[in-house]
Amino acid sequence: MSSYMRGFINEYIELQQATILEIGAHDKPTFVKEEAKIFFADVQPKEVLLTDAEKWTDQRNVKSIVDLDYLIESNDYSKYITDKFDAIIADNVFEHVSNPIKWLESMTALLNDDGYLFLGVPEFNKKFPISDRFRTLTTFSHLLTDYIRNVPDLDPEHSVEAGIYYDMTTISLPNVASEKINLERSLHDYRNPHFGVHCHTFSCDTFVNRIMKPILMLGVVDFKLLKCLPSENKYVFLVVLQKGKEEVSLTFEEFAGDIGEADPA
Ligand SMILES: C[S@@+](CC[C@H](N)C(=O)[O-])C[C@H]1O[C@@H](n2cnc3c(N)ncnc32)[C@H](O)[C@@H]1O
Ligand SMILES: [Zn+2]
């Protein structure tokens, strides 16, 4: 079970009273059925998670993979889940979502009024042991373009980026330029996008002003941003959002960074 989330969530909700949805719990559910009214959803059926865990021997505990209450087949969750929840947990999931603004819209639709969304997001600046260290931080404009393009859940472009920049040493293989910068390889990734890809990269330092506040300013997602802070283990940062409208305060310098005066010459 994932411990950093548990203590944190207890600060906001009465565990015995709340109905909770956990998305992408995989083998690390934040709470088990015996201790909370918790339901599990994933985009991949349990059989696929089991086969992948065995194939990649990726240190996942096959015995702990949860049974799913909902199998979701697109970011439009309302087609697959008609119930509503007091809280949603998604730990190490947000970075896999190809269209995060649309996904956040789906999350608001699944929450009761004042319901909470708890995210655990890999910290990009903690470059080890994550596989993204050769990438750059995702920008707000990129996420907005994903939304405008209405990219599908399994998106070819994200798959190509992740394939080229993925740090192979994460899986004990060398990074060989001719294998990485290789049309055949990228064509393969383009044609075979999968849910294991990190579509985007984020850092706690820039998440509030450069990602989440700008998203909320668009006015399509009704959340209040309550907290964004590093977790105990520092490899993941935690974000708490609460359903509801809020006026966002953000200057352009806070958003884009203060780069000083332009050179008149
Ligand atoms: C890296 S695992 C996280 C497992 C566990 N929560 C943890 O922290 O170790 C990502 C999980 O999210 C699921 N997932 C991937 N893309 C998703 C998406 N677009 N929407 C919902 N779940 C997704 C995967 O199937 C997988 O179960
Ligand atoms: Zn994207």
# chains A, B, ... in the order shown; residues from 1 in each chain; ligands from 1

$ select_by_dssp --residues "range 6-253 of chain A" --states "helix (DSSP H, G or I)" --output "MDAnalysis selection string"
chainID A and resid 6:10 46:56 62:64 77:79 94:96 100:110 140:149 156:165 168:171 177:180 183:191 204:217 252:253

$ write_last_selection --atoms "C-alpha atoms" --output "PDB file, in the first residue's frame"
ATOM      1  CA  ARG A   6      -2.814   7.620   3.317  1.00  0.00           C
ATOM      2  CA  GLY A   7      -1.762  10.064   6.027  1.00  0.00           C
ATOM      3  CA  PHE A   8      -2.316  12.912   3.696  1.00  0.00           C
ATOM      4  CA  ILE A   9      -5.860  11.920   2.700  1.00  0.00           C
ATOM      5  CA  ASN A  10      -6.866  11.416   6.324  1.00  0.00           C
ATOM      6  CA  LYS A  46      -6.520  -6.909 -14.543  1.00  0.00           C
ATOM      7  CA  GLU A  47      -5.402  -9.709 -16.909  1.00  0.00           C
ATOM      8  CA  VAL A  48      -3.249  -7.240 -18.867  1.00  0.00           C
ATOM      9  CA  LEU A  49      -1.746  -5.766 -15.685  1.00  0.00           C
ATOM     10  CA  LEU A  50      -0.931  -9.297 -14.524  1.00  0.00           C
ATOM     11  CA  THR A  51       0.649 -10.334 -17.824  1.00  0.00           C
ATOM     12  CA  ASP A  52       2.693  -7.120 -18.028  1.00  0.00           C
ATOM     13  CA  ALA A  53       3.882  -7.404 -14.437  1.00  0.00           C
ATOM     14  CA  GLU A  54       5.047 -10.955 -15.105  1.00  0.00           C
ATOM     15  CA  LYS A  55       6.602 -10.101 -18.481  1.00  0.00           C
ATOM     16  CA  TRP A  56       8.542  -7.074 -17.301  1.00  0.00           C
ATOM     17  CA  VAL A  62       1.374  -9.659  -8.769  1.00  0.00           C
ATOM     18  CA  LYS A  63      -0.560 -10.911  -5.743  1.00  0.00           C
ATOM     19  CA  SER A  64      -1.572  -7.371  -4.735  1.00  0.00           C
ATOM     20  CA  TYR A  77     -15.178   8.387 -17.711  1.00  0.00           C
ATOM     21  CA  SER A  78     -18.899   9.209 -17.514  1.00  0.00           C
ATOM     22  CA  LYS A  79     -19.542   6.557 -20.159  1.00  0.00           C
ATOM     23  CA  PHE A  94      -1.608  11.782 -14.054  1.00  0.00           C
ATOM     24  CA  GLU A  95       1.686  11.628 -16.005  1.00  0.00           C
ATOM     25  CA  HIS A  96       0.260   8.737 -18.080  1.00  0.00           C
ATOM     26  CA  PRO A 100      -4.879  15.951 -18.791  1.00  0.00           C
ATOM     27  CA  ILE A 101      -7.288  18.903 -19.157  1.00  0.00           C
ATOM     28  CA  LYS A 102      -9.983  16.609 -20.521  1.00  0.00           C
ATOM     29  CA  TRP A 103      -9.168  14.061 -17.801  1.00  0.00           C
ATOM     30  CA  LEU A 104      -9.595  16.738 -15.102  1.00  0.00           C
ATOM     31  CA  GLU A 105     -12.964  17.643 -16.624  1.00  0.00           C
ATOM     32  CA  SER A 106     -13.934  13.981 -16.272  1.00  0.00           C
ATOM     33  CA  MET A 107     -12.789  13.997 -12.639  1.00  0.00           C
ATOM     34  CA  THR A 108     -15.060  16.925 -11.718  1.00  0.00           C
ATOM     35  CA  ALA A 109     -17.990  15.113 -13.281  1.00  0.00           C
ATOM     36  CA  LEU A 110     -17.331  12.062 -11.061  1.00  0.00           C
ATOM     37  CA  PHE A 140       0.999  24.450 -20.345  1.00  0.00           C
ATOM     38  CA  SER A 141       0.736  25.261 -24.055  1.00  0.00           C
ATOM     39  CA  HIS A 142       1.444  21.636 -24.871  1.00  0.00           C
ATOM     40  CA  LEU A 143      -1.379  20.476 -22.566  1.00  0.00           C
ATOM     41  CA  LEU A 144      -3.717  23.059 -24.028  1.00  0.00           C
ATOM     42  CA  THR A 145      -2.893  21.835 -27.526  1.00  0.00           C
ATOM     43  CA  ASP A 146      -3.597  18.241 -26.448  1.00  0.00           C
ATOM     44  CA  TYR A 147      -7.005  19.486 -25.307  1.00  0.00           C
ATOM     45  CA  ILE A 148      -7.715  21.449 -28.488  1.00  0.00           C
ATOM     46  CA  ARG A 149      -6.590  18.519 -30.644  1.00  0.00           C
ATOM     47  CA  PRO A 156       0.985   8.146 -31.221  1.00  0.00           C
ATOM     48  CA  GLU A 157       2.867  11.441 -30.687  1.00  0.00           C
ATOM     49  CA  HIS A 158       3.343  10.929 -26.959  1.00  0.00           C
ATOM     50  CA  SER A 159       4.462   7.407 -27.648  1.00  0.00           C
ATOM     51  CA  VAL A 160       7.200   8.562 -30.066  1.00  0.00           C
ATOM     52  CA  GLU A 161       8.528  11.179 -27.615  1.00  0.00           C
ATOM     53  CA  ALA A 162       8.599   8.753 -24.711  1.00  0.00           C
ATOM     54  CA  GLY A 163      10.294   6.099 -26.879  1.00  0.00           C
ATOM     55  CA  ILE A 164      13.134   8.360 -28.008  1.00  0.00           C
ATOM     56  CA  TYR A 165      13.897   9.947 -24.640  1.00  0.00           C
ATOM     57  CA  MET A 168      16.996   2.609 -21.084  1.00  0.00           C
ATOM     58  CA  THR A 169      19.279   2.264 -18.071  1.00  0.00           C
ATOM     59  CA  THR A 170      16.043   2.211 -16.020  1.00  0.00           C
ATOM     60  CA  ILE A 171      15.601  -1.315 -17.389  1.00  0.00           C
ATOM     61  CA  ALA A 177      21.969   6.486 -30.291  1.00  0.00           C
ATOM     62  CA  SER A 178      21.372   4.460 -33.467  1.00  0.00           C
ATOM     63  CA  GLU A 179      18.592   2.513 -31.735  1.00  0.00           C
ATOM     64  CA  LYS A 180      16.991   5.629 -30.289  1.00  0.00           C
ATOM     65  CA  LEU A 183      12.823   5.716 -37.980  1.00  0.00           C
ATOM     66  CA  GLU A 184      11.809   2.050 -37.705  1.00  0.00           C
ATOM     67  CA  ARG A 185      11.747   2.291 -33.947  1.00  0.00           C
ATOM     68  CA  SER A 186       9.693   5.487 -33.919  1.00  0.00           C
ATOM     69  CA  LEU A 187       7.268   4.059 -36.477  1.00  0.00           C
ATOM     70  CA  HIS A 188       6.813   1.100 -34.160  1.00  0.00           C
ATOM     71  CA  ASP A 189       6.146   3.391 -31.184  1.00  0.00           C
ATOM     72  CA  TYR A 190       3.789   5.511 -33.300  1.00  0.00           C
ATOM     73  CA  ARG A 191       1.761   2.466 -34.256  1.00  0.00           C
ATOM     74  CA  CYS A 204       6.384  20.397  -7.813  1.00  0.00           C
ATOM     75  CA  ASP A 205       8.260  23.733  -8.128  1.00  0.00           C
ATOM     76  CA  THR A 206       6.485  24.781 -11.312  1.00  0.00           C
ATOM     77  CA  PHE A 207       3.252  22.793 -11.144  1.00  0.00           C
ATOM     78  CA  VAL A 208       1.118  25.476  -9.462  1.00  0.00           C
ATOM     79  CA  ASN A 209       2.001  28.562 -11.511  1.00  0.00           C
ATOM     80  CA  ARG A 210       2.923  27.008 -14.824  1.00  0.00           C
ATOM     81  CA  ILE A 211       0.494  24.118 -15.072  1.00  0.00           C
ATOM     82  CA  MET A 212      -2.459  23.973 -12.708  1.00  0.00           C
ATOM     83  CA  LYS A 213      -3.406  27.636 -12.211  1.00  0.00           C
ATOM     84  CA  PRO A 214      -3.306  28.268 -15.985  1.00  0.00           C
ATOM     85  CA  ILE A 215      -5.496  25.196 -16.530  1.00  0.00           C
ATOM     86  CA  LEU A 216      -7.993  26.522 -13.976  1.00  0.00           C
ATOM     87  CA  MET A 217      -7.908  29.960 -15.637  1.00  0.00           C
ATOM     88  CA  PHE A 252       2.168  36.649 -16.354  1.00  0.00           C
ATOM     89  CA  GLU A 253       5.596  36.811 -14.644  1.00  0.00           C
TER      90      GLU A 253
END

$ residues_around --residues "range 228-235 of chain A" --least-positions-apart "6" --cutoff "7 Å" --atoms "only C-alpha atoms" --output "PyMOL selection string"
chain A and resi 4+122-123+126+204

$ closest_residue --among "A:Lys227, A:Lys28, A:His198, A:Lys245" --to "Leu119 in chain A" --atoms "only C-alpha atoms"
A:Lys227

$ closest_residue --among "A:Val97, A:Ala41, A:Leu21, A:Val121" --to "ligand 1" --atoms "only C-alpha atoms and all ligand atoms"
A:Val97

$ residues_around --residues "Val66 in chain A" --least-positions-apart "4" --cutoff "8 Å" --atoms "only C-alpha atoms" --output "PyMOL selection string"
chain A and resi 25-27+29+40+46

$ write_last_selection --atoms "C-alpha atoms" --output "PDB file, in the first residue's frame"
ATOM      1  CA  ALA A  25      -4.193   1.525  -8.064  1.00  0.00           C
ATOM      2  CA  HIS A  26      -2.521  -1.446  -9.785  1.00  0.00           C
ATOM      3  CA  ASP A  27      -0.676  -3.391  -7.034  1.00  0.00           C
ATOM      4  CA  PRO A  29      -3.988   0.457  -3.504  1.00  0.00           C
ATOM      5  CA  PHE A  40     -11.100   0.636  -8.212  1.00  0.00           C
ATOM      6  CA  LYS A  46      -6.520  -6.909 -14.543  1.00  0.00           C
TER       7      LYS A  46
END

$ atom_distance --atom1 "CA of Ala18 in chain A" --atom2 "CA of Asn99 in chain A"
27.9 Å
